[in-house]
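Raw contents of model-v3.txt, compact mmCIF, C-alpha atoms:
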```txt
# COMPACT_ATOMS: atom_id res chain seq x y z
CA MET A 13 -21.87 -48.11 8.02
CA MET A 14 -18.29 -47.02 7.43
CA LEU A 15 -17.82 -43.81 5.57
CA ASP A 16 -15.43 -44.24 2.77
CA SER A 17 -13.16 -41.23 2.16
CA GLU A 18 -13.83 -41.67 -1.55
CA THR A 19 -17.54 -41.09 -1.14
CA THR A 20 -17.59 -38.40 1.59
CA LYS A 21 -17.20 -34.86 0.48
CA THR A 22 -16.98 -31.63 2.42
CA TYR A 23 -19.86 -29.34 1.57
CA THR A 24 -18.71 -26.02 0.23
CA ARG A 25 -21.36 -23.37 -0.07
CA PRO A 26 -21.52 -21.97 -3.59
CA ILE A 27 -20.28 -18.39 -3.63
CA SER A 28 -21.58 -15.86 -6.11
CA LYS A 29 -19.06 -14.28 -8.43
CA ALA A 30 -19.69 -10.81 -7.03
CA TRP A 31 -19.80 -11.96 -3.37
CA TRP A 32 -18.46 -8.58 -2.23
CA LEU A 33 -21.53 -6.89 -3.73
CA ARG A 34 -24.27 -9.49 -3.27
CA ASP A 35 -24.14 -12.61 -1.16
CA ARG A 36 -27.24 -14.85 -1.14
CA GLY A 37 -29.31 -11.97 -2.40
CA HIS A 38 -28.11 -9.42 0.15
CA PHE A 39 -25.55 -6.70 0.35
CA ASN A 40 -23.02 -7.62 3.03
CA ARG A 41 -21.31 -4.54 4.39
CA ARG A 42 -18.43 -6.51 5.93
CA TYR A 43 -17.59 -8.17 2.60
CA PHE A 44 -17.77 -4.84 0.81
CA MET A 45 -15.51 -3.07 3.33
CA PHE A 46 -13.08 -5.99 3.10
CA LEU A 47 -12.82 -5.49 -0.64
CA LEU A 48 -12.43 -1.71 -0.22
CA ARG A 49 -9.59 -2.36 2.24
CA GLU A 50 -7.87 -4.66 -0.25
CA LEU A 51 -8.44 -2.07 -3.00
CA THR A 52 -6.42 0.51 -1.05
CA SER A 53 -3.29 -1.31 -2.19
CA VAL A 54 -4.10 -0.58 -5.84
CA PHE A 55 -4.07 3.17 -5.11
CA VAL A 56 -0.88 2.87 -3.07
CA ALA A 57 0.74 1.07 -6.02
CA LEU A 58 -0.52 3.63 -8.58
CA TYR A 59 0.80 6.50 -6.48
CA VAL A 60 4.19 4.83 -5.98
CA VAL A 61 4.53 4.18 -9.73
CA LEU A 62 3.68 7.84 -10.44
CA PHE A 63 6.28 8.91 -7.86
CA ILE A 64 8.92 6.65 -9.49
CA TYR A 65 8.05 8.16 -12.87
CA GLU A 66 8.56 11.65 -11.42
CA ILE A 67 12.04 10.87 -10.06
CA PHE A 68 12.87 9.34 -13.44
CA LEU A 69 11.85 12.63 -15.10
CA LEU A 70 14.14 14.51 -12.72
CA THR A 71 17.01 12.79 -14.53
CA LYS A 72 15.65 14.09 -17.87
CA GLY A 73 16.18 17.72 -16.97
CA PRO A 74 14.09 20.70 -15.79
CA ASP A 75 11.84 20.95 -18.88
CA ALA A 76 10.57 17.37 -18.73
CA HIS A 77 9.94 17.61 -15.01
CA THR A 78 8.23 21.02 -15.16
CA ALA A 79 5.90 19.74 -17.89
CA PHE A 80 5.02 16.76 -15.68
CA ARG A 81 4.30 19.03 -12.71
CA GLU A 82 2.07 21.21 -14.88
CA SER A 83 0.07 18.21 -16.10
CA MET A 84 -0.39 17.09 -12.48
CA SER A 85 -2.11 20.40 -11.68
CA ALA A 86 -5.01 19.52 -14.02
CA GLY A 87 -8.36 18.78 -12.37
CA PRO A 88 -8.49 15.02 -13.12
CA TRP A 89 -5.04 14.49 -11.61
CA ILE A 90 -5.92 16.44 -8.48
CA ALA A 91 -9.09 14.34 -8.25
CA PHE A 92 -6.99 11.19 -8.59
CA HIS A 93 -4.75 12.32 -5.73
CA ILE A 94 -7.74 13.12 -3.51
CA ILE A 95 -9.22 9.65 -4.13
CA ALA A 96 -5.80 8.03 -3.60
CA LEU A 97 -5.43 9.98 -0.35
CA LEU A 98 -8.80 8.73 0.91
CA PHE A 99 -7.82 5.14 0.14
CA ALA A 100 -4.37 5.63 1.70
CA LEU A 101 -5.98 7.02 4.85
CA TYR A 102 -8.32 4.03 4.99
CA HIS A 103 -5.29 1.74 4.69
CA SER A 104 -3.53 3.56 7.55
CA TYR A 105 -6.67 3.42 9.69
CA THR A 106 -7.23 -0.32 9.19
CA TRP A 107 -3.57 -1.36 9.25
CA LEU A 108 -2.60 0.61 12.33
CA GLY A 109 -5.74 -0.53 14.11
CA LEU A 110 -4.86 -4.22 13.75
CA THR A 111 -2.73 -4.63 16.87
CA THR A 112 -5.35 -2.80 18.93
CA LYS A 113 -8.05 -5.13 17.60
CA MET A 114 -6.06 -8.22 18.52
CA GLN A 115 -5.28 -6.82 21.94
CA ALA A 116 -8.97 -6.08 22.46
CA ALA A 117 -9.93 -9.56 21.24
CA GLY A 118 -8.15 -10.93 24.28
CA ARG A 119 -5.03 -12.13 22.53
CA GLY A 120 -2.95 -10.05 24.92
CA LEU A 121 -0.10 -9.56 22.46
CA VAL A 122 1.52 -6.76 24.39
CA LYS A 123 2.32 -7.33 28.05
CA ILE A 124 4.44 -5.74 30.70
CA GLY A 125 5.46 -8.51 33.06
CA THR A 126 2.24 -10.46 33.48
CA LYS A 127 -0.01 -7.43 32.95
CA THR A 128 -1.74 -7.12 29.59
CA LEU A 129 -1.79 -3.53 28.37
CA PRO A 130 -5.23 -2.02 27.77
CA PRO A 131 -6.07 -1.76 24.03
CA ILE A 132 -6.43 2.02 24.23
CA LEU A 133 -2.69 2.35 24.92
CA ILE A 134 -1.89 0.23 21.86
CA ALA A 135 -4.17 2.48 19.79
CA LEU A 136 -2.45 5.59 21.14
CA GLY A 137 0.93 4.08 20.26
CA SER A 138 0.03 3.08 16.69
CA TYR A 139 -1.93 6.16 15.71
CA GLY A 140 0.51 8.35 17.67
CA ALA A 141 3.41 6.96 15.60
CA TRP A 142 1.42 7.85 12.46
CA ILE A 143 0.88 11.43 13.58
CA VAL A 144 4.54 11.82 14.55
CA ALA A 145 5.79 10.36 11.22
CA THR A 146 3.41 12.64 9.29
CA CYS A 147 4.57 15.75 11.14
CA VAL A 148 8.27 14.87 10.80
CA ILE A 149 8.00 14.29 7.03
CA ALA A 150 5.96 17.47 6.51
CA TYR A 151 8.43 19.48 8.59
CA LEU A 152 11.48 18.12 6.74
CA PHE A 153 9.82 18.59 3.36
CA LEU A 154 8.93 22.20 4.11
CA THR A 155 12.21 23.22 5.74
CA LEU A 156 15.12 21.13 4.37
CA MET B 17 -7.92 -25.80 -1.87
CA ASN B 18 -5.14 -27.92 -3.22
CA TYR B 19 -2.79 -24.98 -3.42
CA LYS B 20 0.69 -25.94 -2.30
CA GLU B 21 2.69 -23.24 -0.61
CA HIS B 22 5.96 -22.33 -2.17
CA LYS B 23 8.92 -22.15 0.19
CA SER B 24 9.36 -18.43 -0.58
CA GLU B 25 5.89 -17.70 0.88
CA PRO B 26 7.13 -16.44 4.31
CA PHE B 27 9.37 -13.91 2.55
CA TRP B 28 6.45 -12.40 0.60
CA TRP B 29 4.28 -12.27 3.71
CA GLY B 30 7.10 -10.51 5.55
CA MET B 31 7.53 -7.94 2.79
CA PHE B 32 3.74 -7.46 2.69
CA SER B 33 3.79 -6.66 6.38
CA GLN B 34 6.79 -4.30 6.20
CA GLY B 35 5.30 -2.50 3.22
CA GLY B 36 1.96 -2.23 4.98
CA VAL B 37 3.50 -0.39 7.92
CA ILE B 38 5.55 1.94 5.72
CA ALA B 39 2.58 2.72 3.48
CA ALA B 40 0.35 3.34 6.51
CA LEU B 41 2.78 5.73 8.18
CA LEU B 42 4.20 7.65 5.21
CA ILE B 43 2.11 7.50 2.03
CA PRO B 44 -0.81 9.80 3.03
CA ILE B 45 1.36 12.84 3.80
CA HIS B 46 3.27 12.45 0.51
CA ILE B 47 0.05 12.27 -1.51
CA PHE B 48 -1.22 15.34 0.29
CA LEU B 49 1.93 17.46 -0.08
CA GLY B 50 2.99 16.67 -3.65
CA GLY B 51 -0.35 15.77 -5.21
CA ILE B 52 -2.84 18.13 -3.57
CA ALA B 53 -1.41 20.90 -1.38
CA VAL B 54 1.07 22.17 -3.97
CA HIS B 55 -1.63 22.40 -6.68
CA LEU B 56 -4.18 24.10 -4.44
CA GLY B 57 -1.60 26.73 -3.53
CA LEU B 58 -1.47 25.64 0.12
CA ILE B 59 2.32 25.35 -0.11
CA ASP B 60 4.90 27.05 -2.33
CA ALA B 61 5.14 25.45 -5.81
CA GLU B 62 8.92 25.89 -5.64
CA LEU B 63 9.01 23.07 -3.08
CA MET B 64 8.30 20.59 -5.91
CA SER B 65 10.46 22.25 -8.57
CA HIS B 66 13.18 20.39 -10.46
CA GLU B 67 15.90 22.48 -8.84
CA ARG B 68 14.64 21.92 -5.32
CA LEU B 69 14.04 18.17 -5.72
CA THR B 70 17.39 17.42 -7.39
CA ASP B 71 18.99 19.45 -4.63
CA LEU B 72 17.27 17.30 -1.97
CA LEU B 73 18.37 14.16 -3.78
CA GLN B 74 22.03 15.12 -3.41
CA ASN B 75 21.63 13.94 0.16
CA PRO B 76 22.22 10.15 0.41
CA LEU B 77 19.84 9.99 3.38
CA VAL B 78 17.04 11.33 1.18
CA LYS B 79 17.86 8.66 -1.42
CA LEU B 80 17.79 5.98 1.26
CA TYR B 81 14.47 7.30 2.53
CA LEU B 82 12.98 7.20 -0.99
CA CYS B 83 14.21 3.61 -1.43
CA VAL B 84 12.29 2.60 1.70
CA LEU B 85 9.23 4.71 0.81
CA LEU B 86 8.95 3.42 -2.76
CA ILE B 87 10.19 -0.18 -2.60
CA PHE B 88 8.43 -1.76 0.41
CA PRO B 89 4.89 -0.61 -0.44
CA LEU B 90 5.30 -2.23 -3.89
CA TYR B 91 5.56 -5.64 -2.19
CA HIS B 92 2.65 -4.79 0.06
CA ALA B 93 0.48 -3.97 -2.95
CA ALA B 94 1.72 -6.95 -5.00
CA HIS B 95 0.72 -9.34 -2.21
CA ARG B 96 -2.74 -7.86 -1.68
CA ILE B 97 -3.49 -7.59 -5.40
CA ARG B 98 -2.41 -11.20 -5.90
CA PHE B 99 -4.87 -12.57 -3.33
CA THR B 100 -7.68 -10.13 -4.12
CA LEU B 101 -7.67 -10.98 -7.82
CA ALA B 102 -7.94 -14.68 -6.94
CA GLU B 103 -10.75 -13.95 -4.47
CA ILE B 104 -12.86 -11.95 -6.92
CA GLY B 105 -12.88 -14.87 -9.32
CA LEU B 106 -9.55 -15.33 -11.04
CA HIS B 107 -8.90 -18.64 -9.25
CA SER B 108 -7.76 -20.17 -12.51
CA LEU B 109 -4.81 -17.77 -12.53
CA ALA B 110 -3.69 -18.75 -9.01
CA LYS B 111 -0.41 -20.11 -10.37
CA ILE B 112 0.54 -17.18 -12.57
CA LEU B 113 -0.65 -14.31 -10.30
CA PRO B 114 2.26 -14.56 -7.82
CA VAL B 115 4.72 -14.50 -10.71
CA LEU B 116 3.11 -11.39 -12.22
CA CYS B 117 2.60 -9.51 -8.94
CA TYR B 118 5.89 -10.27 -7.21
CA GLY B 119 7.69 -10.01 -10.54
CA GLY B 120 6.26 -6.50 -10.90
CA ALA B 121 7.48 -5.57 -7.40
CA LEU B 122 10.96 -6.96 -8.15
CA LEU B 123 11.08 -5.02 -11.42
CA GLY B 124 9.98 -1.88 -9.57
CA THR B 125 12.75 -2.40 -7.02
CA ALA B 126 15.35 -2.62 -9.78
CA VAL B 127 13.97 0.53 -11.45
CA VAL B 128 14.01 2.54 -8.19
CA LEU B 129 17.58 1.48 -7.35
CA TYR B 130 18.72 2.22 -10.90
CA ILE B 131 17.19 5.71 -10.97
CA LEU B 132 18.32 6.72 -7.49
CA TRP B 133 21.84 5.30 -7.41
CA ILE B 134 22.89 5.23 -11.06
CA LEU B 135 20.95 7.87 -13.03
CA LEU B 136 20.74 10.53 -10.33
```

Please go through the file and, once you have read it, give me the structure as structure tokens.
Amino acid sequence: MMLDSETTKTYTRPISKAWWLRDRGHFNRRYFMFLLRELTSVFVALYVVLFIYEIFLLTKGPDAHTAFRESMSAGPWIAFHIIALLFALYHSYTWLGLTTKMQAAGRGLVKIGTKTLPPILIALGSYGAWIVATCVIAYLFLTL
Amino acid sequence: MNYKEHKSEPFWWGMFSQGGVIAALLIPIHIFLGGIAVHLGLIDAELMSHERLTDLLQNPLVKLYLCVLLIFPLYHAAHRIRFTLAEIGLHSLAKILPVLCYGGALLGTAVVLYILWILL
């Protein structure tokens, strides 16, 4: 019997609305961590918007900016920054680990001649760049 | 999925990627210095004072740095938020989400440029 394209349908497994919390009755850690990773961008965006607001206040004079700084020293705002920092660190960890993962998965993205570099060197490069950037920014901020 | 890719799609993916790298390398230290360390007394509060910051911003290189730091991660976040919202169930908004998210990033870009190069 010929299968008519009108009558054949690809089966798509129904997905629960909260798939990142419960999938077919179980908690799936991979799905949950995936959503956490995506959520890091929300905290990055919130922090950037707050930063933009602060430089806007700089244009409004010392009083407006000092008041903003004082409000930021309140407990809830420090808590917000600590949570945002944890999410930002998780973003750095996952993002900078990507190339290493692909290298380790045998994709061999980075080669010298015909030799594929071992993943550990890629990891050292990515996370090393992060450490260097962090130190440079901290140094400039504290000394400029 | 009968979603048809818009021809601007590669541009947004590219900005997502750029912003991802910049956010990964630079955002954590800024959150720590300005949002935590200064309030816990780990560093001098004067470092974040109006006088000190406006002084730093006299330097065009600092302005350029802030443009990179603030603009690219906006596109990174816009892209991720767009797809995540669709994935957690807002499929019906698949057409309007890119407009809202990328529109927000574009607006943010304009605001940053305006503050740094016109107001300051």

What are the nearest atom pairs, with distances in Å to one decimal, for all residues of chain A that come at most 6 Å from chain B, using all atoms listed in the file, set out by chain and rising residue number as a tab-separated table?
```
residue	atom	partner	partner_atom	distance
A:Ser53	CA	B:Ala93	CA	4.7
A:Ala57	CA	B:Ala93	CA	5.9
A:Val60	CA	B:Leu86	CA	5.9
A:Pro74	CA	B:His66	CA	5.4
A:Ser85	CA	B:His55	CA	5.4
A:His93	CA	B:Gly51	CA	5.6
A:Leu97	CA	B:Pro44	CA	5.7
A:Ala100	CA	B:Pro44	CA	5.6
A:Ser104	CA	B:Ala40	CA	4.0
A:Trp142	CA	B:Leu41	CA	5.0
A:Thr146	CA	B:Ile45	CA	5.9
```

Atomic separation - CA of Trp32 in chain A relative to CA of Leu47 in chain A, Å
6.6 Å

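Across the structure, CA of Phe68 in chain A and CA of Leu122 in chain B are spaced 17.2 Å apart.
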
Could you tell me how far CA of Tyr81 in chain B sits from CA of Asp75 in chain A, in Å to one decimal place?
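Value for the CA of Asp75 in chain A-CA of Tyr81 in chain B distance: 25.5 Å.
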
As JSON, please report the centre and edge lengths, rounded to one decimal in Å, of the axis-aligned box that holds all listed atoms of range 54-65 of chain A with 5 Å of padding on each of the six sides.
```
{"center_x": 2.4, "center_y": 4.2, "center_z": -8.0, "size_x": 23.0, "size_y": 19.5, "size_z": 19.8}
```

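Counting only C-alpha atoms, the residue from B:Met31, B:Glu25, B:Thr125, B:Arg98 that sits nearest to Leu113 in chain B is B:Arg98.
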
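For the residues A:Leu108, A:Thr71, A:Arg34, A:Ala117, ranking by smallest atom-to-atom distance to Trp133 in chain B using all atoms listed in the file places A:Thr71 first.
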
Excluding range 127-139 of chain A and residues on its chain fewer than 6 positions from it, collect all residues at most 10 Å away from it, counting all atoms listed in the file, and give them as a PyMOL selection string.
(chain A and resi 104-105+107-121+145) or (chain B and resi 40-41)

Which residue, A:Phe92, A:Gly37, A:His103, A:Ile27, has the smallest gap to Gly35 in chain B when you use only C-alpha atoms?
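When distances to Gly35 in chain B are compared using only C-alpha atoms, the smallest one comes from A:His103.
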